[in-house]
>>> print(open('work30.txt').read())   # compact mmCIF, N, CA and C atoms
# COMPACT_ATOMS: atom_id res chain seq x y z
N VAL A 1 0.85 -1.18 0.00
CA VAL A 1 0.00 0.00 0.00
C VAL A 1 0.89 1.23 0.00
N HIS A 2 0.70 2.07 -0.99
CA HIS A 2 1.43 3.33 -1.06
C HIS A 2 0.53 4.43 -0.53
N VAL A 3 1.09 5.28 0.27
CA VAL A 3 0.30 6.34 0.89
C VAL A 3 0.54 7.65 0.18
N GLY A 4 -0.37 8.06 -0.69
CA GLY A 4 -0.33 9.35 -1.34
C GLY A 4 0.72 9.50 -2.42
N LEU A 5 1.47 8.48 -2.73
CA LEU A 5 2.51 8.59 -3.75
C LEU A 5 2.30 7.58 -4.87
N GLU A 6 1.06 7.30 -5.19
CA GLU A 6 0.77 6.31 -6.22
C GLU A 6 1.39 6.68 -7.56
N SER A 7 1.33 7.96 -7.94
CA SER A 7 1.86 8.37 -9.24
C SER A 7 3.38 8.21 -9.29
N VAL A 8 4.06 8.40 -8.18
CA VAL A 8 5.51 8.22 -8.15
C VAL A 8 5.84 6.74 -8.27
N ALA A 9 5.09 5.90 -7.59
CA ALA A 9 5.35 4.46 -7.62
C ALA A 9 5.09 3.89 -9.01
N GLU A 10 4.16 4.47 -9.74
CA GLU A 10 3.83 3.97 -11.06
C GLU A 10 4.81 4.45 -12.13
N GLY A 11 5.73 5.31 -11.77
CA GLY A 11 6.64 5.92 -12.72
C GLY A 11 7.75 4.99 -13.17
N GLY A 12 7.48 3.74 -13.43
CA GLY A 12 8.45 2.83 -13.99
C GLY A 12 9.05 1.88 -12.98
N ARG A 13 8.88 2.17 -11.70
CA ARG A 13 9.43 1.27 -10.68
C ARG A 13 8.43 0.16 -10.42
N ASN A 14 8.95 -0.95 -10.12
CA ASN A 14 8.11 -2.10 -9.82
C ASN A 14 8.41 -2.52 -8.39
N GLU A 15 7.96 -1.72 -7.41
CA GLU A 15 8.26 -1.98 -6.01
C GLU A 15 7.11 -2.71 -5.35
N THR A 16 7.44 -3.44 -4.31
CA THR A 16 6.41 -4.11 -3.53
C THR A 16 5.89 -3.12 -2.50
N PRO A 17 4.63 -3.22 -2.17
CA PRO A 17 4.06 -2.31 -1.18
C PRO A 17 4.74 -2.48 0.18
N ALA A 18 4.83 -1.37 0.90
CA ALA A 18 5.42 -1.41 2.24
C ALA A 18 4.50 -2.13 3.20
N THR A 19 5.07 -2.91 4.10
CA THR A 19 4.29 -3.59 5.13
C THR A 19 4.70 -3.04 6.47
N PRO A 20 3.75 -2.91 7.37
CA PRO A 20 4.10 -2.38 8.69
C PRO A 20 5.05 -3.34 9.41
N SER A 21 5.96 -2.75 10.21
CA SER A 21 6.92 -3.58 10.94
C SER A 21 6.27 -4.28 12.13
N LYS A 22 5.20 -3.73 12.64
CA LYS A 22 4.49 -4.38 13.75
C LYS A 22 3.01 -4.47 13.40
N ALA A 23 2.39 -5.50 13.89
CA ALA A 23 0.97 -5.66 13.65
C ALA A 23 0.15 -4.66 14.48
N ARG A 24 0.71 -4.23 15.62
CA ARG A 24 0.00 -3.31 16.51
C ARG A 24 0.87 -2.09 16.76
N VAL A 25 0.29 -0.91 16.68
CA VAL A 25 1.02 0.32 16.93
C VAL A 25 0.76 0.75 18.37
N ASP A 26 1.82 1.04 19.12
CA ASP A 26 1.69 1.52 20.49
C ASP A 26 1.72 3.04 20.48
N TRP A 27 0.57 3.66 20.70
CA TRP A 27 0.48 5.10 20.73
C TRP A 27 0.92 5.60 22.10
N PRO A 28 1.51 6.80 22.15
CA PRO A 28 1.90 7.34 23.45
C PRO A 28 0.66 7.70 24.27
N VAL A 29 0.85 7.78 25.55
CA VAL A 29 -0.24 8.17 26.44
C VAL A 29 -0.54 9.65 26.19
N LEU A 30 -1.79 9.96 25.98
CA LEU A 30 -2.20 11.33 25.75
C LEU A 30 -2.19 12.09 27.09
N PRO A 31 -1.91 13.38 27.06
CA PRO A 31 -1.79 14.12 28.32
C PRO A 31 -2.99 13.98 29.25
N TRP A 32 -4.19 13.94 28.69
CA TRP A 32 -5.38 13.86 29.55
C TRP A 32 -5.62 12.44 30.07
N ASN A 33 -4.83 11.47 29.60
CA ASN A 33 -4.94 10.10 30.12
C ASN A 33 -3.81 9.76 31.08
N GLU A 34 -2.91 10.69 31.33
CA GLU A 34 -1.79 10.43 32.22
C GLU A 34 -2.27 10.28 33.66
N ALA A 35 -1.51 9.52 34.41
CA ALA A 35 -1.85 9.31 35.81
C ALA A 35 -1.82 10.63 36.59
N SER A 36 -1.02 11.59 36.13
CA SER A 36 -0.88 12.84 36.86
C SER A 36 -2.18 13.64 36.95
N HIS A 37 -3.15 13.33 36.11
CA HIS A 37 -4.40 14.08 36.16
C HIS A 37 -5.33 13.59 37.26
N SER A 38 -5.02 12.46 37.84
CA SER A 38 -5.89 11.97 38.91
C SER A 38 -5.12 11.75 40.21
N ASP A 39 -3.80 11.89 40.18
CA ASP A 39 -2.98 11.63 41.35
C ASP A 39 -2.09 12.85 41.62
N ALA A 40 -2.27 13.47 42.78
CA ALA A 40 -1.54 14.69 43.12
C ALA A 40 -0.04 14.46 43.15
N ASP A 41 0.40 13.30 43.65
CA ASP A 41 1.84 13.03 43.70
C ASP A 41 2.42 12.88 42.30
N GLU A 42 1.69 12.24 41.42
CA GLU A 42 2.16 12.09 40.03
C GLU A 42 2.19 13.44 39.33
N LEU A 43 1.19 14.28 39.61
CA LEU A 43 1.16 15.63 39.04
C LEU A 43 2.39 16.40 39.52
N TRP A 44 2.69 16.32 40.81
CA TRP A 44 3.86 17.01 41.35
C TRP A 44 5.14 16.49 40.69
N LYS A 45 5.28 15.19 40.52
CA LYS A 45 6.47 14.63 39.88
C LYS A 45 6.65 15.21 38.48
N HIS A 46 5.54 15.32 37.75
CA HIS A 46 5.59 15.88 36.41
C HIS A 46 5.99 17.35 36.45
N GLN A 47 5.34 18.13 37.30
CA GLN A 47 5.65 19.56 37.39
C GLN A 47 7.11 19.77 37.79
N HIS A 48 7.57 19.00 38.75
CA HIS A 48 8.95 19.12 39.22
C HIS A 48 9.93 18.78 38.10
N SER A 49 9.67 17.72 37.36
CA SER A 49 10.59 17.34 36.28
C SER A 49 10.61 18.40 35.18
N VAL A 50 9.46 19.01 34.90
CA VAL A 50 9.43 20.09 33.89
C VAL A 50 10.29 21.26 34.36
N LEU A 51 10.12 21.67 35.61
CA LEU A 51 10.91 22.78 36.13
C LEU A 51 12.40 22.46 36.09
N MET A 52 12.77 21.27 36.50
CA MET A 52 14.18 20.90 36.54
C MET A 52 14.79 20.74 35.15
N ASN A 53 14.00 20.25 34.20
CA ASN A 53 14.53 20.02 32.86
C ASN A 53 14.45 21.25 31.98
N GLU A 54 13.43 22.06 32.14
CA GLU A 54 13.22 23.21 31.27
C GLU A 54 13.91 24.48 31.77
N LEU A 55 14.24 24.54 33.04
CA LEU A 55 14.81 25.76 33.59
C LEU A 55 16.17 25.53 34.26
N PRO A 56 17.05 24.74 33.68
CA PRO A 56 18.31 24.43 34.37
C PRO A 56 19.21 25.65 34.56
N SER A 57 19.18 26.61 33.65
CA SER A 57 20.06 27.77 33.79
C SER A 57 19.69 28.61 35.00
N ILE A 58 18.43 28.64 35.35
CA ILE A 58 18.00 29.40 36.52
C ILE A 58 18.41 28.69 37.79
N LEU A 59 18.36 27.36 37.75
CA LEU A 59 18.60 26.57 38.94
C LEU A 59 20.07 26.19 39.13
N ARG A 60 20.90 26.49 38.14
CA ARG A 60 22.32 26.13 38.20
C ARG A 60 22.95 26.80 39.42
N GLY A 61 23.73 26.03 40.14
CA GLY A 61 24.43 26.58 41.29
C GLY A 61 23.63 26.53 42.58
N SER A 62 22.38 26.13 42.52
CA SER A 62 21.60 26.03 43.76
C SER A 62 21.76 24.64 44.33
N ASN A 63 21.70 24.55 45.64
CA ASN A 63 21.77 23.23 46.25
C ASN A 63 20.39 22.82 46.76
N ALA A 64 20.30 21.63 47.27
CA ALA A 64 19.00 21.07 47.67
C ALA A 64 18.33 21.89 48.77
N ASN A 65 19.12 22.66 49.53
CA ASN A 65 18.53 23.44 50.63
C ASN A 65 17.99 24.80 50.17
N ASP A 66 18.38 25.22 48.97
CA ASP A 66 17.88 26.49 48.45
C ASP A 66 16.41 26.38 48.11
N ASN A 67 15.72 27.51 48.19
CA ASN A 67 14.31 27.52 47.85
C ASN A 67 14.16 27.82 46.37
N ILE A 68 13.93 26.80 45.58
CA ILE A 68 13.88 26.92 44.13
C ILE A 68 12.70 27.77 43.68
N LEU A 69 11.56 27.61 44.32
CA LEU A 69 10.39 28.40 43.93
C LEU A 69 10.66 29.89 44.11
N SER A 70 11.29 30.25 45.20
CA SER A 70 11.63 31.65 45.43
C SER A 70 12.59 32.15 44.35
N GLN A 71 13.56 31.32 43.96
CA GLN A 71 14.49 31.71 42.89
C GLN A 71 13.74 31.94 41.58
N LEU A 72 12.80 31.06 41.28
CA LEU A 72 12.05 31.21 40.03
C LEU A 72 11.18 32.46 40.05
N LEU A 73 10.56 32.74 41.17
CA LEU A 73 9.74 33.95 41.27
C LEU A 73 10.60 35.21 41.16
N GLN A 74 11.78 35.19 41.77
CA GLN A 74 12.68 36.34 41.66
C GLN A 74 13.19 36.50 40.23
N LYS A 75 13.40 35.38 39.54
CA LYS A 75 13.81 35.44 38.14
C LYS A 75 12.71 36.07 37.29
N CYS A 76 11.46 35.75 37.60
CA CYS A 76 10.32 36.33 36.89
C CYS A 76 10.32 37.85 37.06
N ILE A 77 10.56 38.33 38.28
CA ILE A 77 10.65 39.77 38.53
C ILE A 77 11.80 40.36 37.72
N ALA A 78 12.95 39.71 37.75
CA ALA A 78 14.13 40.22 37.03
C ALA A 78 13.87 40.30 35.53
N LEU A 79 13.18 39.31 34.98
CA LEU A 79 12.87 39.32 33.55
C LEU A 79 11.94 40.48 33.19
N GLU A 80 10.93 40.71 34.00
CA GLU A 80 10.00 41.82 33.74
C GLU A 80 10.70 43.16 33.87
N ASP A 81 11.53 43.30 34.90
CA ASP A 81 12.28 44.55 35.07
C ASP A 81 13.21 44.79 33.89
N ASP A 82 13.90 43.74 33.46
CA ASP A 82 14.82 43.86 32.33
C ASP A 82 14.08 44.27 31.06
N HIS A 83 12.92 43.66 30.85
CA HIS A 83 12.12 44.00 29.66
C HIS A 83 11.70 45.47 29.70
N ALA A 84 11.24 45.93 30.84
CA ALA A 84 10.81 47.33 30.97
C ALA A 84 11.99 48.28 30.72
N LYS A 85 13.16 47.94 31.24
CA LYS A 85 14.35 48.78 31.03
C LYS A 85 14.74 48.81 29.55
N ARG A 86 14.63 47.68 28.89
CA ARG A 86 14.99 47.62 27.47
C ARG A 86 14.01 48.42 26.60
N VAL A 87 12.74 48.36 26.96
CA VAL A 87 11.74 49.15 26.21
C VAL A 87 12.03 50.64 26.38
N TYR A 88 12.32 51.06 27.61
CA TYR A 88 12.66 52.46 27.86
C TYR A 88 13.92 52.86 27.08
N LYS A 89 14.94 52.02 27.15
CA LYS A 89 16.21 52.31 26.47
C LYS A 89 16.01 52.45 24.96
N SER A 90 15.20 51.58 24.39
CA SER A 90 14.93 51.63 22.96
C SER A 90 14.23 52.94 22.57
N LYS A 91 13.21 53.31 23.31
CA LYS A 91 12.47 54.55 23.03
C LYS A 91 13.37 55.77 23.26
N SER A 92 14.18 55.71 24.28
CA SER A 92 15.10 56.81 24.58
C SER A 92 16.11 56.99 23.45
N ARG A 93 16.62 55.87 22.93
CA ARG A 93 17.53 55.95 21.78
C ARG A 93 16.84 56.57 20.57
N ASP A 94 15.59 56.15 20.35
CA ASP A 94 14.82 56.73 19.24
C ASP A 94 14.67 58.24 19.42
N ASP A 95 14.42 58.65 20.64
CA ASP A 95 14.28 60.08 20.93
C ASP A 95 15.57 60.83 20.62
N SER A 96 16.70 60.27 21.01
CA SER A 96 17.99 60.92 20.77
C SER A 96 18.28 61.01 19.28
N ARG A 97 18.08 59.92 18.58
CA ARG A 97 18.32 59.91 17.13
C ARG A 97 17.38 60.86 16.41
N GLY A 98 16.11 60.82 16.80
CA GLY A 98 15.13 61.68 16.15
C GLY A 98 15.44 63.14 16.35
N ALA A 99 15.83 63.50 17.59
CA ALA A 99 16.13 64.89 17.90
C ALA A 99 17.35 65.39 17.12
N SER A 100 18.29 64.47 16.86
CA SER A 100 19.50 64.90 16.15
C SER A 100 19.33 64.91 14.63
N THR A 101 18.30 64.26 14.12
CA THR A 101 18.15 64.18 12.66
C THR A 101 16.90 64.86 12.11
N VAL A 102 15.87 64.99 12.92
CA VAL A 102 14.60 65.55 12.43
C VAL A 102 14.33 66.88 13.13
N PRO A 103 14.29 67.96 12.40
CA PRO A 103 13.98 69.25 13.02
C PRO A 103 12.57 69.22 13.65
N GLY A 104 12.47 69.69 14.87
CA GLY A 104 11.18 69.74 15.56
C GLY A 104 10.72 68.40 16.11
N TYR A 105 11.58 67.41 16.16
CA TYR A 105 11.21 66.08 16.65
C TYR A 105 10.64 66.14 18.07
N LYS A 106 11.33 66.84 18.94
CA LYS A 106 10.90 66.90 20.35
C LYS A 106 9.53 67.57 20.50
N ASP A 107 9.21 68.47 19.59
CA ASP A 107 7.93 69.17 19.67
C ASP A 107 6.76 68.30 19.24
N SER A 108 7.02 67.30 18.42
CA SER A 108 5.92 66.50 17.88
C SER A 108 5.91 65.03 18.33
N HIS A 109 6.87 64.65 19.18
CA HIS A 109 6.91 63.26 19.65
C HIS A 109 6.90 63.21 21.18
N ILE A 110 6.33 62.16 21.69
CA ILE A 110 6.27 61.96 23.14
C ILE A 110 7.60 61.38 23.61
N SER A 111 8.13 61.93 24.70
CA SER A 111 9.42 61.45 25.22
C SER A 111 9.25 60.07 25.87
N ALA A 112 10.35 59.38 26.02
CA ALA A 112 10.33 58.03 26.60
C ALA A 112 9.70 58.01 27.99
N GLU A 113 9.95 59.07 28.76
CA GLU A 113 9.42 59.13 30.13
C GLU A 113 7.89 59.18 30.18
N LYS A 114 7.27 59.69 29.10
CA LYS A 114 5.81 59.83 29.06
C LYS A 114 5.15 58.89 28.07
N ASP A 115 5.92 58.07 27.36
CA ASP A 115 5.39 57.18 26.33
C ASP A 115 4.49 56.11 26.94
N SER A 116 3.33 55.87 26.33
CA SER A 116 2.36 54.93 26.90
C SER A 116 2.89 53.49 26.91
N VAL A 117 3.67 53.11 25.92
CA VAL A 117 4.22 51.75 25.90
C VAL A 117 5.25 51.57 27.01
N VAL A 118 6.09 52.55 27.20
CA VAL A 118 7.10 52.51 28.27
C VAL A 118 6.41 52.45 29.63
N LEU A 119 5.41 53.31 29.81
CA LEU A 119 4.68 53.34 31.08
C LEU A 119 3.94 52.03 31.34
N ALA A 120 3.34 51.45 30.30
CA ALA A 120 2.63 50.17 30.46
C ALA A 120 3.60 49.05 30.85
N ASN A 121 4.80 49.04 30.29
CA ASN A 121 5.78 48.03 30.65
C ASN A 121 6.26 48.21 32.09
N ASN A 122 6.43 49.44 32.51
CA ASN A 122 6.81 49.69 33.90
C ASN A 122 5.71 49.24 34.86
N GLU A 123 4.46 49.51 34.48
CA GLU A 123 3.33 49.07 35.32
C GLU A 123 3.25 47.54 35.38
N GLU A 124 3.51 46.88 34.26
CA GLU A 124 3.48 45.41 34.24
C GLU A 124 4.57 44.84 35.14
N ALA A 125 5.76 45.42 35.10
CA ALA A 125 6.85 44.96 35.96
C ALA A 125 6.48 45.14 37.43
N GLU A 126 5.87 46.27 37.75
CA GLU A 126 5.44 46.51 39.13
C GLU A 126 4.34 45.55 39.54
N SER A 127 3.43 45.26 38.63
CA SER A 127 2.35 44.31 38.90
C SER A 127 2.91 42.91 39.20
N VAL A 128 3.88 42.49 38.41
CA VAL A 128 4.51 41.17 38.64
C VAL A 128 5.20 41.16 40.00
N ARG A 129 5.91 42.25 40.32
CA ARG A 129 6.59 42.34 41.61
C ARG A 129 5.58 42.20 42.76
N ASN A 130 4.45 42.90 42.64
CA ASN A 130 3.41 42.82 43.68
C ASN A 130 2.78 41.43 43.75
N ASP A 131 2.56 40.81 42.59
CA ASP A 131 1.99 39.46 42.56
C ASP A 131 2.93 38.46 43.24
N VAL A 132 4.22 38.59 42.99
CA VAL A 132 5.19 37.69 43.62
C VAL A 132 5.19 37.89 45.13
N LYS A 133 5.15 39.14 45.57
CA LYS A 133 5.09 39.41 47.01
C LYS A 133 3.85 38.76 47.62
N MET A 134 2.72 38.86 46.92
CA MET A 134 1.48 38.28 47.42
C MET A 134 1.58 36.76 47.51
N VAL A 135 2.17 36.13 46.48
CA VAL A 135 2.32 34.67 46.49
C VAL A 135 3.24 34.25 47.63
N GLU A 136 4.37 34.95 47.78
CA GLU A 136 5.30 34.60 48.85
C GLU A 136 4.66 34.78 50.22
N ALA A 137 3.88 35.84 50.39
CA ALA A 137 3.20 36.07 51.68
C ALA A 137 2.17 34.99 51.95
N SER A 138 1.45 34.59 50.92
CA SER A 138 0.41 33.55 51.14
C SER A 138 1.02 32.17 51.38
N LEU A 139 2.27 31.98 50.96
CA LEU A 139 2.94 30.70 51.19
C LEU A 139 3.81 30.72 52.43
N GLY A 140 3.74 31.79 53.19
CA GLY A 140 4.48 31.82 54.45
C GLY A 140 5.75 32.64 54.41
N GLY A 141 5.70 33.76 53.78
CA GLY A 141 6.85 34.67 53.81
C GLY A 141 7.90 34.33 52.78
N GLY A 142 8.80 33.43 53.12
CA GLY A 142 9.92 33.10 52.24
C GLY A 142 9.64 31.89 51.37
N VAL A 143 8.41 31.58 51.12
CA VAL A 143 8.00 30.43 50.30
C VAL A 143 8.59 29.15 50.90
N ALA A 144 8.62 29.09 52.22
CA ALA A 144 9.25 27.97 52.91
C ALA A 144 8.52 26.65 52.68
N ARG A 145 7.24 26.71 52.37
CA ARG A 145 6.47 25.47 52.22
C ARG A 145 6.51 24.92 50.81
N SER A 146 7.31 25.46 49.96
CA SER A 146 7.39 24.97 48.59
C SER A 146 7.95 23.56 48.55
N ARG A 147 7.37 22.72 47.71
CA ARG A 147 7.86 21.35 47.55
C ARG A 147 9.03 21.28 46.59
N LEU A 148 9.37 22.41 45.95
CA LEU A 148 10.49 22.41 45.02
C LEU A 148 11.76 22.21 45.80
>>> encode(input="work30.txt", output="structure tokens")
Amino acid sequence: VHVGLESVAEGGRNETPATPSKARVDWPVLPWNEASHSDADELWKHQHSVLMNELPSILRGSNANDNILSQLLQKCIALEDDHAKRVYKSKSRDDSRGASTVPGYKDSHISAEKDSVVLANNEEAESVRNDVKMVEASLGGGVARSRL
């Protein structure tokens, strides 16, 4: 049986149809059929393995006594702050270039300090910082109860 390539197979070749290597195909377990959806410990094992495998650069250098969840939350704050600083820096550079090349640029453009995109990014960074504080407070201050 040729799958979708009948015209190629008929092009002068006299090949035998492919046969499956196994009589039964073993499909992978679908995410909604995994044990982790009904067992809290299995769910935790999955979540923990994802964090450890997907975020090794953040966790590098930490030992078993370090609070990994707190590190991840602080990294989230650092990423948001960095993004906000980069957005400001980009707009500020545009302002400098524009002022030096376009007559009247400052009169017709909003400065980086007042730009709505820059302000929205600063607000988002502050919101993330406040959300992290709230999560840490609800988990007992220093996120001491984290299973990470």
>>> residues_around(input="work30.txt", residues="Tyr105 (chain A)", least_positions_apart="6", cutoff="10 Å", atoms="only C-alpha atoms", output="ChimeraX atom specification")
/A:95-99,111
>>> residues_around(input="work30.txt", residues="region 116-130 of chain A", least_positions_apart="3", cutoff="7 Å", atoms="all atoms listed in the file", output="ChimeraX atom specification")
/A:76-77,80-81,83-85,87-88,112-113,133-135
>>> atom_distance(input="work30.txt", atom1="atom N of Ile68 (chain A)", atom2="atom N of Asp131 (chain A)")
18.3 Å
>>> atom_distance(input="work30.txt", atom1="atom N of Met52 (chain A)", atom2="CA of Leu79 (chain A)")
18.3 Å
>>> select_by_dssp(input="work30.txt", residues="region 29-141 of chain A", states="helix (DSSP H, G or I)", output="PyMOL selection string")
chain A and resi 31-33+35-37+40-54+56-59+68-101+105-108+116-138
>>> atom_distance(input="work30.txt", atom1="CA of Ala137 (chain A)", atom2="CA of Leu72 (chain A)")
15.4 Å
>>> decode(input="work30.txt", residues="region 107-123 of chain A", atoms="N, CA, C and O atoms", output="compact mmCIF listing (two decimals), in the first residue's frame")
# COMPACT_ATOMS: atom_id res chain seq x y z
N ASP A 107 9.21 68.47 19.59
CA ASP A 107 7.93 69.17 19.67
C ASP A 107 6.76 68.30 19.24
O ASP A 107 5.62 68.54 19.64
N SER A 108 7.02 67.30 18.42
CA SER A 108 5.92 66.50 17.88
C SER A 108 5.91 65.03 18.33
O SER A 108 5.07 64.27 17.90
N HIS A 109 6.87 64.65 19.18
CA HIS A 109 6.91 63.26 19.65
C HIS A 109 6.90 63.21 21.18
O HIS A 109 7.44 64.09 21.85
N ILE A 110 6.33 62.16 21.69
CA ILE A 110 6.27 61.96 23.14
C ILE A 110 7.60 61.38 23.61
O ILE A 110 8.13 60.44 23.01
N SER A 111 8.13 61.93 24.70
CA SER A 111 9.42 61.45 25.22
C SER A 111 9.25 60.07 25.87
O SER A 111 8.14 59.65 26.21
N ALA A 112 10.35 59.38 26.02
CA ALA A 112 10.33 58.03 26.60
C ALA A 112 9.70 58.01 27.99
O ALA A 112 8.99 57.07 28.35
N GLU A 113 9.95 59.07 28.76
CA GLU A 113 9.42 59.13 30.13
C GLU A 113 7.89 59.18 30.18
O GLU A 113 7.28 58.78 31.16
N LYS A 114 7.27 59.69 29.10
CA LYS A 114 5.81 59.83 29.06
C LYS A 114 5.15 58.89 28.07
O LYS A 114 3.92 58.88 27.95
N ASP A 115 5.92 58.07 27.36
CA ASP A 115 5.39 57.18 26.33
C ASP A 115 4.49 56.11 26.94
O ASP A 115 4.85 55.48 27.95
N SER A 116 3.33 55.87 26.33
CA SER A 116 2.36 54.93 26.90
C SER A 116 2.89 53.49 26.91
O SER A 116 2.59 52.73 27.84
N VAL A 117 3.67 53.11 25.92
CA VAL A 117 4.22 51.75 25.90
C VAL A 117 5.25 51.57 27.01
O VAL A 117 5.26 50.56 27.72
N VAL A 118 6.09 52.55 27.20
CA VAL A 118 7.10 52.51 28.27
C VAL A 118 6.41 52.45 29.63
O VAL A 118 6.75 51.63 30.49
N LEU A 119 5.41 53.31 29.81
CA LEU A 119 4.68 53.34 31.08
C LEU A 119 3.94 52.03 31.34
O LEU A 119 3.93 51.52 32.47
N ALA A 120 3.34 51.45 30.30
CA ALA A 120 2.63 50.17 30.46
C ALA A 120 3.60 49.05 30.85
O ALA A 120 3.26 48.21 31.69
N ASN A 121 4.80 49.04 30.29
CA ASN A 121 5.78 48.03 30.65
C ASN A 121 6.26 48.21 32.09
O ASN A 121 6.48 47.22 32.80
N ASN A 122 6.43 49.44 32.51
CA ASN A 122 6.81 49.69 33.90
C ASN A 122 5.71 49.24 34.86
O ASN A 122 5.99 48.66 35.91
N GLU A 123 4.46 49.51 34.48
CA GLU A 123 3.33 49.07 35.32
C GLU A 123 3.25 47.54 35.38
O GLU A 123 2.95 46.98 36.43
